[in-house]
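Chemist: Dropping in my_file.pdb, with PDB, C-alpha atoms.
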```pdb
ATOM      1  CA  MET B  77     -67.868 243.295 136.959
ATOM      2  CA  TYR B  78     -65.338 245.900 135.759
ATOM      3  CA  ASP B  79     -67.915 248.638 135.225
ATOM      4  CA  ALA B  80     -69.497 248.140 138.671
ATOM      5  CA  GLY B  81     -66.149 247.803 140.407
ATOM      6  CA  LEU B  82     -66.982 244.464 141.961
ATOM      7  CA  PRO B  83     -64.086 242.706 143.706
ATOM      8  CA  PHE B  84     -62.552 239.844 141.716
ATOM      9  CA  ASN B  85     -63.042 237.327 144.530
ATOM     10  CA  CYS B  86     -66.836 237.535 144.133
ATOM     11  CA  ILE B  87     -66.554 234.720 141.587
ATOM     12  CA  ASN B  88     -65.348 232.455 144.418
ATOM     13  CA  TYR B  89     -68.690 232.753 146.231
ATOM     14  CA  LYS B  90     -71.099 229.827 145.873
ATOM     15  CA  THR B  91     -73.913 232.318 145.502
ATOM     16  CA  PHE B  92     -72.215 233.688 142.370
ATOM     17  CA  ASP B  93     -72.400 230.244 140.778
ATOM     18  CA  LYS B  94     -76.079 230.017 141.687
ATOM     19  CA  PHE B  95     -76.650 233.464 140.178
ATOM     20  CA  ILE B  96     -75.072 232.485 136.840
ATOM     21  CA  GLU B  97     -77.027 229.225 136.792
ATOM     22  CA  ALA B  98     -80.331 230.997 137.490
ATOM     23  CA  VAL B  99     -79.729 233.506 134.689
ATOM     24  CA  GLY B 100     -78.880 230.651 132.275
ATOM     25  CA  GLN B 101     -81.992 228.704 133.194
ATOM     26  CA  TYR B 102     -84.205 231.750 132.617
ATOM     27  CA  GLY B 103     -82.808 232.324 129.172
ATOM     28  CA  PRO B 104     -83.045 235.411 126.966
ATOM     29  CA  GLY B 105     -85.313 238.308 127.935
ATOM     30  CA  MET B 106     -84.640 238.283 131.672
ATOM     31  CA  LYS B 107     -85.253 241.738 133.197
ATOM     32  CA  PRO B 108     -82.959 242.907 136.015
ATOM     33  CA  ARG B 109     -84.346 244.011 139.376
ATOM     34  CA  SER B 110     -85.035 247.696 139.831
ATOM     35  CA  TYR B 111     -82.847 249.948 141.947
ATOM     36  CA  HIS B 112     -85.576 250.182 144.608
ATOM     37  CA  GLU B 113     -86.026 246.401 144.743
ATOM     38  CA  VAL B 114     -82.313 245.824 145.232
ATOM     39  CA  ARG B 115     -81.850 248.680 147.704
ATOM     40  CA  VAL B 116     -85.031 248.199 149.798
ATOM     41  CA  THR B 117     -87.244 245.171 149.105
ATOM     42  CA  HIS B 118     -84.641 242.438 148.673
ATOM     43  CA  LEU B 119     -82.220 244.017 151.136
ATOM     44  CA  LYS B 120     -84.862 243.813 153.900
ATOM     45  CA  LYS B 121     -85.473 240.158 153.041
ATOM     46  CA  GLU B 122     -81.748 239.450 153.212
ATOM     47  CA  VAL B 123     -81.385 241.239 156.570
ATOM     48  CA  LYS B 124     -84.267 239.179 157.956
ATOM     49  CA  LYS B 125     -82.650 236.004 156.625
ATOM     50  CA  ILE B 126     -79.282 236.866 158.201
ATOM     51  CA  GLY B 127     -81.009 237.725 161.490
ATOM     52  CA  LYS B 128     -82.573 234.272 161.549
ATOM     53  CA  ILE B 129     -79.167 232.679 160.993
ATOM     54  CA  VAL B 130     -77.667 234.718 163.848
ATOM     55  CA  GLU B 131     -80.476 233.601 166.167
ATOM     56  CA  GLU B 132     -79.756 229.965 165.287
ATOM     57  CA  HIS B 133     -76.124 230.536 166.247
ATOM     58  CA  ARG B 134     -77.207 232.319 169.434
ATOM     59  CA  VAL B 135     -78.980 229.141 170.560
ATOM     60  CA  GLU B 136     -75.641 227.342 170.267
ATOM     61  CA  TRP B 137     -73.879 230.107 172.222
ATOM     62  CA  ASN B 138     -76.312 229.590 175.074
ATOM     63  CA  LYS B 139     -75.740 225.833 175.022
ATOM     64  CA  PHE B 140     -72.019 225.449 174.362
ATOM     65  CA  GLU B 141     -70.592 228.980 174.936
ATOM     66  CA  CYS B 142     -68.492 230.834 172.370
ATOM     67  CA  SER B 143     -65.420 232.930 171.620
ATOM     68  CA  ILE B 144     -65.381 236.517 170.388
ATOM     69  CA  MET B 145     -62.893 237.308 167.627
ATOM     70  CA  MET B 146     -62.002 240.914 166.791
ATOM     71  CA  ASN B 147     -60.023 241.979 163.759
ATOM     72  CA  LYS B 148     -58.915 245.564 163.206
ATOM     73  CA  TRP B 149     -57.772 246.757 159.788
ATOM     74  CA  THR B 150     -57.459 249.965 157.776
ATOM     75  CA  ALA B 151     -59.656 250.456 154.725
ATOM     76  CA  ARG B 152     -58.639 252.216 151.511
ATOM     77  CA  ASN B 153     -60.157 255.457 152.765
ATOM     78  CA  GLU B 154     -57.823 255.146 155.802
ATOM     79  CA  LYS B 155     -60.709 254.526 158.190
ATOM     80  CA  ILE B 156     -60.127 251.920 160.864
ATOM     81  CA  VAL B 157     -62.645 249.079 160.768
ATOM     82  CA  ILE B 158     -63.110 246.580 163.603
ATOM     83  CA  ASN B 159     -64.927 243.402 162.612
ATOM     84  CA  VAL B 160     -66.493 241.280 165.349
ATOM     85  CA  LEU B 161     -67.048 237.563 164.741
ATOM     86  CA  VAL B 162     -68.356 234.900 167.087
ATOM     87  CA  ASN B 163     -67.090 231.336 167.004
ATOM     88  CA  SER B 164     -68.914 228.338 168.464
ATOM     89  CA  PRO B 165     -69.238 224.616 167.680
ATOM     90  CA  ARG B 166     -71.781 225.633 165.015
ATOM     91  CA  GLY B 167     -69.131 227.719 163.235
ATOM     92  CA  SER B 168     -68.055 231.343 162.927
ATOM     93  CA  ILE B 169     -70.427 234.151 162.083
ATOM     94  CA  PHE B 170     -69.993 237.879 161.505
ATOM     95  CA  LEU B 171     -71.792 239.855 164.221
ATOM     96  CA  VAL B 172     -71.062 243.552 163.726
ATOM     97  CA  SER B 173     -68.550 246.003 162.333
ATOM     98  CA  TYR B 174     -67.352 249.252 163.947
ATOM     99  CA  VAL B 175     -65.790 252.156 162.066
ATOM    100  CA  ALA B 176     -63.349 254.028 164.266
ATOM    101  CA  SER B 177     -60.576 256.593 164.193
ATOM    102  CA  ASN B 178     -57.141 256.409 165.788
ATOM    103  CA  SER B 179     -58.383 258.416 168.762
ATOM    104  CA  SER B 180     -61.308 256.028 169.303
ATOM    105  CA  THR B 181     -59.159 252.885 169.553
ATOM    106  CA  ASP B 182     -57.270 253.694 172.746
ATOM    107  CA  ALA B 183     -57.315 251.261 175.693
ATOM    108  CA  THR B 184     -60.385 252.755 177.399
ATOM    109  CA  LYS B 185     -62.500 252.794 174.241
ATOM    110  CA  MET B 186     -61.392 249.298 173.282
ATOM    111  CA  TYR B 187     -62.355 248.168 176.787
ATOM    112  CA  ASN B 188     -65.801 249.722 176.314
ATOM    113  CA  LEU B 189     -66.076 247.973 172.936
ATOM    114  CA  PHE B 190     -65.150 244.616 174.490
ATOM    115  CA  ALA B 191     -67.645 245.122 177.317
ATOM    116  CA  LYS B 192     -70.407 246.222 174.920
ATOM    117  CA  THR B 193     -69.891 243.166 172.716
ATOM    118  CA  ILE B 194     -69.778 240.768 175.672
ATOM    119  CA  GLU B 195     -72.974 242.288 177.058
ATOM    120  CA  LYS B 196     -74.658 241.908 173.670
ATOM    121  CA  ILE B 197     -73.800 238.208 173.474
ATOM    122  CA  GLY B 198     -74.275 237.493 177.171
ATOM    123  CA  LYS B 199     -71.290 237.399 179.509
ATOM    124  CA  GLU B 200     -72.314 233.954 180.739
ATOM    125  CA  ASN B 201     -71.876 232.676 177.173
ATOM    126  CA  VAL B 202     -68.399 234.106 176.450
ATOM    127  CA  VAL B 203     -65.339 231.936 177.078
ATOM    128  CA  GLN B 204     -62.675 234.252 175.669
ATOM    129  CA  VAL B 205     -61.978 237.299 173.524
ATOM    130  CA  VAL B 206     -59.437 236.713 170.747
ATOM    131  CA  THR B 207     -57.636 239.723 169.234
ATOM    132  CA  ASN B 208     -54.133 240.805 168.242
ATOM    133  CA  ASN B 209     -51.512 241.923 170.733
ATOM    134  CA  ALA B 210     -51.718 245.643 170.002
ATOM    135  CA  SER B 211     -50.889 247.702 173.082
ATOM    136  CA  GLU B 212     -54.388 249.150 173.416
ATOM    137  CA  ASN B 213     -55.898 245.653 173.299
ATOM    138  CA  VAL B 214     -53.497 244.341 175.931
ATOM    139  CA  SER B 215     -54.321 247.283 178.192
ATOM    140  CA  ALA B 216     -58.059 246.801 177.603
ATOM    141  CA  VAL B 217     -57.794 243.134 178.629
ATOM    142  CA  LYS B 218     -55.972 244.137 181.830
ATOM    143  CA  MET B 219     -58.738 246.649 182.577
ATOM    144  CA  MET B 220     -61.353 243.907 182.140
ATOM    145  CA  GLN B 221     -59.450 241.615 184.504
ATOM    146  CA  GLU B 222     -59.140 244.387 187.104
ATOM    147  CA  ASN B 223     -62.822 245.238 186.771
ATOM    148  CA  ARG B 224     -63.757 241.591 187.168
ATOM    149  CA  TYR B 225     -61.584 241.316 190.271
ATOM    150  CA  ALA B 226     -63.140 244.470 191.710
ATOM    151  CA  LYS B 227     -66.631 243.049 191.125
ATOM    152  CA  GLU B 228     -65.617 239.780 192.787
ATOM    153  CA  VAL B 229     -64.318 241.702 195.817
ATOM    154  CA  ALA B 230     -67.501 243.794 195.940
ATOM    155  CA  GLY B 231     -69.565 240.619 195.589
ATOM    156  CA  LYS B 232     -67.724 238.999 198.475
ATOM    157  CA  GLU B 233     -68.272 242.082 200.627
ATOM    158  CA  THR B 234     -71.974 242.074 199.738
ATOM    159  CA  ALA B 235     -72.246 238.380 200.545
ATOM    160  CA  LYS B 236     -70.454 238.986 203.831
ATOM    161  CA  ILE B 237     -73.022 241.627 204.752
ATOM    162  CA  LEU B 238     -75.971 239.488 203.700
ATOM    163  CA  ILE B 239     -74.922 236.521 205.840
ATOM    164  CA  SER B 240     -74.113 238.618 208.889
ATOM    165  CA  PRO B 241     -76.645 238.431 211.776
ATOM    166  CA  SER B 242     -76.433 242.207 212.305
ATOM    167  CA  PHE B 243     -77.782 242.879 208.780
ATOM    168  CA  TRP B 244     -80.849 240.700 209.295
ATOM    169  CA  ASN B 245     -81.368 242.137 212.786
ATOM    170  CA  ASP B 246     -81.516 245.577 211.136
ATOM    171  CA  VAL B 247     -83.981 244.231 208.561
ATOM    172  CA  ILE B 248     -86.205 242.897 211.340
ATOM    173  CA  ARG B 249     -86.045 246.244 213.138
ATOM    174  CA  ALA B 250     -86.979 248.054 209.924
ATOM    175  CA  LEU B 251     -89.970 245.749 209.413
ATOM    176  CA  LYS B 252     -91.077 246.246 213.001
ATOM    177  CA  VAL B 253     -91.062 250.002 212.466
ATOM    178  CA  GLY B 254     -92.298 250.109 208.880
ATOM    179  CA  GLY B 255     -95.077 247.533 209.206
ATOM    180  CA  PRO B 256     -97.259 249.435 211.705
ATOM    181  CA  LEU B 257     -96.711 252.727 209.870
ATOM    182  CA  ILE B 258     -97.723 251.221 206.534
ATOM    183  CA  ARG B 259    -100.831 249.718 208.111
ATOM    184  CA  ALA B 260    -101.651 253.151 209.534
ATOM    185  CA  LEU B 261    -101.414 254.696 206.080
ATOM    186  CA  ARG B 262    -103.667 251.991 204.662
ATOM    187  CA  MET B 263    -106.252 252.675 207.359
ATOM    188  CA  VAL B 264    -106.513 256.286 206.261
ATOM    189  CA  ASP B 265    -106.602 255.628 202.530
ATOM    190  CA  VAL B 266    -108.272 258.771 201.201
ATOM    191  CA  GLU B 267    -110.063 256.787 198.535
ATOM    192  CA  ARG B 268    -112.163 255.114 201.221
ATOM    193  CA  ASN B 269    -112.132 257.381 204.280
ATOM    194  CA  SER B 270    -111.551 260.976 205.232
ATOM    195  CA  PRO B 271    -108.119 260.625 206.878
ATOM    196  CA  MET B 272    -108.592 263.450 209.368
ATOM    197  CA  GLY B 273    -110.955 261.394 211.519
ATOM    198  CA  TYR B 274    -108.705 258.336 211.659
ATOM    199  CA  LEU B 275    -105.081 259.447 211.556
ATOM    200  CA  TYR B 276    -104.689 260.194 215.269
ATOM    201  CA  GLU B 277    -106.036 256.775 216.240
ATOM    202  CA  ALA B 278    -104.022 255.024 213.523
ATOM    203  CA  MET B 279    -100.746 256.685 214.516
ATOM    204  CA  ASP B 280    -101.432 256.015 218.185
ATOM    205  CA  ARG B 281    -101.917 252.303 217.452
ATOM    206  CA  ALA B 282     -98.760 252.282 215.326
ATOM    207  CA  LYS B 283     -96.705 253.789 218.159
ATOM    208  CA  GLU B 284     -98.047 251.265 220.645
ATOM    209  CA  THR B 285     -97.325 248.379 218.273
ATOM    210  CA  ILE B 286     -93.762 249.624 217.750
ATOM    211  CA  LYS B 287     -93.240 249.962 221.499
ATOM    212  CA  VAL B 288     -94.425 246.408 222.085
ATOM    213  CA  SER B 289     -92.257 245.087 219.233
ATOM    214  CA  PHE B 290     -89.144 246.626 220.742
ATOM    215  CA  GLU B 291     -90.027 245.698 224.290
ATOM    216  CA  GLY B 292     -90.159 249.312 225.346
ATOM    217  CA  GLY B 293     -86.449 250.167 225.322
ATOM    218  CA  ASN B 294     -84.565 249.503 222.113
ATOM    219  CA  MET B 295     -86.073 252.251 219.974
ATOM    220  CA  ARG B 296     -86.660 255.129 222.386
ATOM    221  CA  LYS B 297     -84.812 257.624 220.191
ATOM    222  CA  PHE B 298     -86.831 256.682 217.110
ATOM    223  CA  LEU B 299     -90.129 256.803 218.979
ATOM    224  CA  ARG B 300     -89.239 260.230 220.355
ATOM    225  CA  LEU B 301     -88.604 261.507 216.817
ATOM    226  CA  LEU B 302     -91.820 259.870 215.587
ATOM    227  CA  ILE B 303     -93.884 261.448 218.349
ATOM    228  CA  GLU B 304     -92.248 264.865 217.884
ATOM    229  CA  GLY B 305     -92.759 264.704 214.127
ATOM    230  CA  ASP B 306     -96.403 263.784 214.601
ATOM    231  CA  GLN B 307     -97.001 267.081 216.448
ATOM    232  CA  ILE B 308     -97.036 268.994 213.135
ATOM    233  CA  ASN B 309    -100.792 268.508 212.680
ATOM    234  CA  SER B 310    -101.594 266.782 215.980
ATOM    235  CA  ILE B 311    -104.259 269.244 217.158
ATOM    236  CA  ASP B 312    -106.132 268.875 213.854
ATOM    237  CA  HIS B 313    -105.909 265.107 214.066
ATOM    238  CA  ALA B 314    -107.000 265.194 217.717
ATOM    239  CA  ALA B 315    -110.071 267.203 216.731
ATOM    240  CA  GLY B 316    -110.749 264.756 213.936
ATOM    241  CA  HIS B 317    -110.522 261.895 216.430
ATOM    242  CA  ILE B 318    -113.006 263.571 218.799
ATOM    243  CA  LEU B 319    -115.442 264.315 215.960
ATOM    244  CA  ASN B 320    -115.321 260.735 214.643
ATOM    245  CA  PRO B 321    -118.304 259.024 216.368
ATOM    246  CA  GLY B 322    -116.999 255.554 215.630
ATOM    247  CA  LEU B 323    -113.891 256.259 217.722
ATOM    248  CA  PHE B 324    -115.074 258.874 220.193
ATOM    249  CA  TYR B 325    -117.977 257.004 221.833
ATOM    250  CA  LYS B 326    -116.010 253.765 222.119
ATOM    251  CA  ASN B 327    -112.946 255.465 223.661
ATOM    252  CA  ASN B 328    -115.101 257.593 225.926
ATOM    253  CA  ARG B 329    -117.031 254.536 227.122
ATOM    254  CA  ASP B 330    -113.846 252.521 227.739
ATOM    255  CA  GLY B 331    -112.101 255.431 229.442
ATOM    256  CA  THR B 332    -109.234 255.294 226.942
ATOM    257  CA  LEU B 333    -109.590 258.834 225.608
ATOM    258  CA  ASP B 334    -106.268 260.495 226.384
ATOM    259  CA  SER B 335    -106.303 263.989 227.891
ATOM    260  CA  LYS B 336    -103.943 265.117 225.092
ATOM    261  CA  VAL B 337    -106.741 264.452 222.626
ATOM    262  CA  TRP B 338    -109.088 266.791 224.517
ATOM    263  CA  VAL B 339    -106.408 269.461 224.732
ATOM    264  CA  GLY B 340    -105.753 269.143 221.028
ATOM    265  CA  TYR B 341    -109.459 269.427 220.235
ATOM    266  CA  HIS B 342    -109.904 272.653 222.213
ATOM    267  CA  LYS B 343    -106.728 274.174 220.759
ATOM    268  CA  CYS B 344    -107.993 273.376 217.288
ATOM    269  CA  ILE B 345    -111.332 275.087 217.995
ATOM    270  CA  GLU B 346    -109.508 278.196 219.286
ATOM    271  CA  LYS B 347    -107.295 278.218 216.185
ATOM    272  CA  LEU B 348    -110.152 277.874 213.689
ATOM    273  CA  VAL B 349    -112.808 279.987 215.459
ATOM    274  CA  PRO B 350    -111.512 283.380 216.682
ATOM    275  CA  ASP B 351    -115.021 284.505 217.741
ATOM    276  CA  VAL B 352    -115.343 283.783 221.484
ATOM    277  CA  ALA B 353    -119.150 283.809 221.359
ATOM    278  CA  MET B 354    -119.098 281.220 218.581
ATOM    279  CA  VAL B 355    -116.680 279.070 220.618
ATOM    280  CA  ASP B 356    -119.122 279.136 223.517
ATOM    281  CA  GLN B 357    -122.007 278.208 221.210
ATOM    282  CA  ILE B 358    -119.973 275.282 219.822
ATOM    283  CA  GLY B 359    -119.296 274.182 223.409
ATOM    284  CA  GLY B 360    -123.007 274.132 224.153
ATOM    285  CA  GLU B 361    -123.823 272.107 221.051
ATOM    286  CA  PHE B 362    -120.848 269.849 221.678
ATOM    287  CA  GLY B 363    -122.452 268.727 224.953
ATOM    288  CA  LYS B 364    -125.277 267.101 222.969
ATOM    289  CA  TYR B 365    -122.684 265.232 220.883
ATOM    290  CA  THR B 366    -120.711 263.938 223.870
ATOM    291  CA  GLN B 367    -123.880 262.764 225.671
ATOM    292  CA  ALA B 368    -125.414 261.374 222.458
ATOM    293  CA  ASN B 369    -128.536 263.516 222.948
ATOM    294  CA  GLY B 370    -131.036 264.539 220.287
ATOM    295  CA  LEU B 371    -130.233 263.332 216.792
ATOM    296  CA  PHE B 372    -126.975 261.766 218.030
ATOM    297  CA  GLY B 373    -128.965 259.338 220.149
ATOM    298  CA  LEU B 374    -131.204 258.010 217.408
ATOM    299  CA  HIS B 375    -130.788 254.311 216.532
ATOM    300  CA  ALA B 376    -129.885 255.199 212.953
ATOM    301  CA  ALA B 377    -127.125 257.554 214.170
ATOM    302  CA  ILE B 378    -125.797 254.929 216.594
ATOM    303  CA  ARG B 379    -125.677 252.298 213.833
ATOM    304  CA  ALA B 380    -123.950 254.748 211.492
ATOM    305  CA  ARG B 381    -121.067 255.236 213.931
ATOM    306  CA  ASP B 382    -119.321 252.069 212.755
ATOM    307  CA  ILE B 383    -120.548 251.796 209.170
ATOM    308  CA  ARG B 384    -120.095 255.330 207.869
ATOM    309  CA  SER B 385    -116.884 257.312 207.660
ATOM    310  CA  PRO B 386    -117.257 260.957 208.730
ATOM    311  CA  TYR B 387    -116.037 263.628 206.320
ATOM    312  CA  ILE B 388    -113.948 266.106 208.269
ATOM    313  CA  SER B 389    -112.089 268.996 206.671
ATOM    314  CA  LEU B 390    -110.215 271.291 209.047
TER     315      LEU B 390
END
```
Spit out the file's structure as structure tokens when you get a sec.
Modeler:
Amino acid sequence: MYDAGLPFNCINYKTFDKFIEAVGQYGPGMKPRSYHEVRVTHLKKEVKKIGKIVEEHRVEWNKFECSIMMNKWTARNEKIVINVLVNSPRGSIFLVSYVASNSSTDATKMYNLFAKTIEKIGKENVVQVVTNNASENVSAVKMMQENRYAKEVAGKETAKILISPSFWNDVIRALKVGGPLIRALRMVDVERNSPMGYLYEAMDRAKETIKVSFEGGNMRKFLRLLIEGDQINSIDHAAGHILNPGLFYKNNRDGTLDSKVWVGYHKCIEKLVPDVAMVDQIGGEFGKYTQANGLFGLHAAIRARDIRSPYISL
């Protein structure tokens, strides 16, 4: 004991009695554990054992709540040590120890230490924090009370917003706008279809759905921005719409093909094909497409209009 510098009060531990008894029962010739066994093997087993005990206490904290007890003292090397214990109906147990300096025990850092410990245990399980009345601890407690009050005020404001009709009216408006747009994006999923041939039709349907949802007048500003923003690639999308047989023939037959789509198609051709002679040749061939002549009129081509997605890259 004297050679190893063990504290005198170690003989008061029950485990010390068990140690002496075990050595006596073994008798002469008992070999001590190696340095590695004591430092690694048995230490890991002891840590695992203590962890199991802490978990058993934690079950009680969840059931019956608990109190946090903090004790700050100065060690022989003049380092400040803060021990954290947790007390519950099951008893008190050591949780963790922090080594700190004078500069790290001011009110703000003590507040952070309190908050960290409470979060570790679960704030719903903590009834109180017990410590001495040092000035930094008193200030830290006041900070916790102020923070709690601020959260309660913020919570009340949030609740006030959530129960207000205006908030849910805004949510409904957002869903009315977002729903059709999301469906439009799903329709042109590039993993299934070439989006160029479908985007114009999809966006047009989305705009109409939004207009109907808002009864034509409540979202005029938004619709104007949506329509203006859609002009970025509108001539390409218009050309894609025209060159998509599944949409073109149906719209052309029903008379629902907007003149803007035709204008967009021709502007796209002029942009992509600078050769006037080639533009004229495309116009001549395009007549066969619009009238479904030649290959476009075959039964196989007609059936393919609705079952195959055209690949269009402009």
Chemist: Between B:Ile129, B:Ala230, B:Leu333, B:Ala151, which residue has the minimum interatomic distance to Gly167 of chain B, considering only C-alpha atoms?
Modeler: B:Ile129
Chemist: Evaluate the PyMOL selection byres ((chain B and resi 157) around 6) here and jot the selected residues down as a PyMOL selection string.
Modeler: chain B and resi 148-149+156+158+174-175
Chemist: Using only C-alpha atoms, please write the residues we just selected to a file, as a JSON list (two decimals), in the frame of the given file.
Modeler:
```json
[["chain", "number", "residue", "atom", "x", "y", "z"],
["B", 148, "LYS", "CA", -58.92, 245.56, 163.21],
["B", 149, "TRP", "CA", -57.77, 246.76, 159.79],
["B", 156, "ILE", "CA", -60.13, 251.92, 160.86],
["B", 158, "ILE", "CA", -63.11, 246.58, 163.60],
["B", 174, "TYR", "CA", -67.35, 249.25, 163.95],
["B", 175, "VAL", "CA", -65.79, 252.16, 162.07]]
```
Chemist: For atom CA of Asp356 of chain B and atom CA of Ile311 of chain B, quote the distance in Å rounded to one decimal.
Modeler: 19.0 Å
Chemist: So which one's closest to Ala368 of chain B, B:Arg115, B:Lys94, B:Arg329, B:Lys107? Using only C-alpha atoms, please.
Modeler: B:Arg329
Chemist: Give the answer as one residue: which of B:His112, B:Lys227, B:Lys185, B:Lys199 has the shortest atom-to-atom distance to Asn138 of chain B, using all atoms listed in the file?
Modeler: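 Of B:His112, B:Lys227, B:Lys185, B:Lys199, the one nearest Asn138 of chain B is B:Lys199, counting all atoms listed in the file.
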Chemist: How would you write, as a PyMOL selection string, the residues chosen by the PyMOL selection byres ((chain B and resi 137) around 12) on this structure?
Modeler: chain B and resi 130-136+138-144+162-169+194+196-203
Chemist: Env of Asp182 of chain B: 12 Å cut, atoms = only C-alpha atoms, seq-sep filter 6 positions within chain, self excluded. Answer as a ChimeraX atom specification.
Modeler: /B:176,188-189,210-216
Chemist: Any idea what the distance is between atom CA of Gly231 of chain B and atom CA of Met145 of chain B?
Modeler: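 Between atom CA of Gly231 of chain B and atom CA of Met145 of chain B the gap is 28.9 Å.
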Chemist: Between atom CA of Tyr78 of chain B and atom CA of Glu154 of chain B, measure the distance and give it in Å to one decimal.
Modeler: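 One can read the atom CA of Tyr78 of chain B to atom CA of Glu154 of chain B distance as 23.3 Å.
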Chemist: Check the smallest atom-to-atom distance from each of B:Val337, B:Met354, B:Val99, B:Val205 to Val160 of chain B using all atoms listed in the file, then report the winner.
Modeler: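 Nearest candidate to Val160 of chain B out of B:Val337, B:Met354, B:Val99, B:Val205: B:Val205.
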Chemist: Could you give me the centre and size, in Å to one decimal, of an axis-aligned box around all listed atoms of segment 313-317 of chain B with 3 Å added on every side, as JSON?
Modeler:
```
{"center_x": -108.3, "center_y": 264.5, "center_z": 215.8, "size_x": 10.8, "size_y": 11.3, "size_z": 9.8}
```
Chemist: Which residues, written as a list in words, have at least one atom at most 12 Å from Leu371 of chain B, with all atoms listed in the file counted and residues fewer than 6 positions away on the same chain left out?
Modeler: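 Neighbouring residues, sequence-local ones excluded: Glu361, Lys364, Tyr365, Ala377, Ile378 and Ala380 of chain B.
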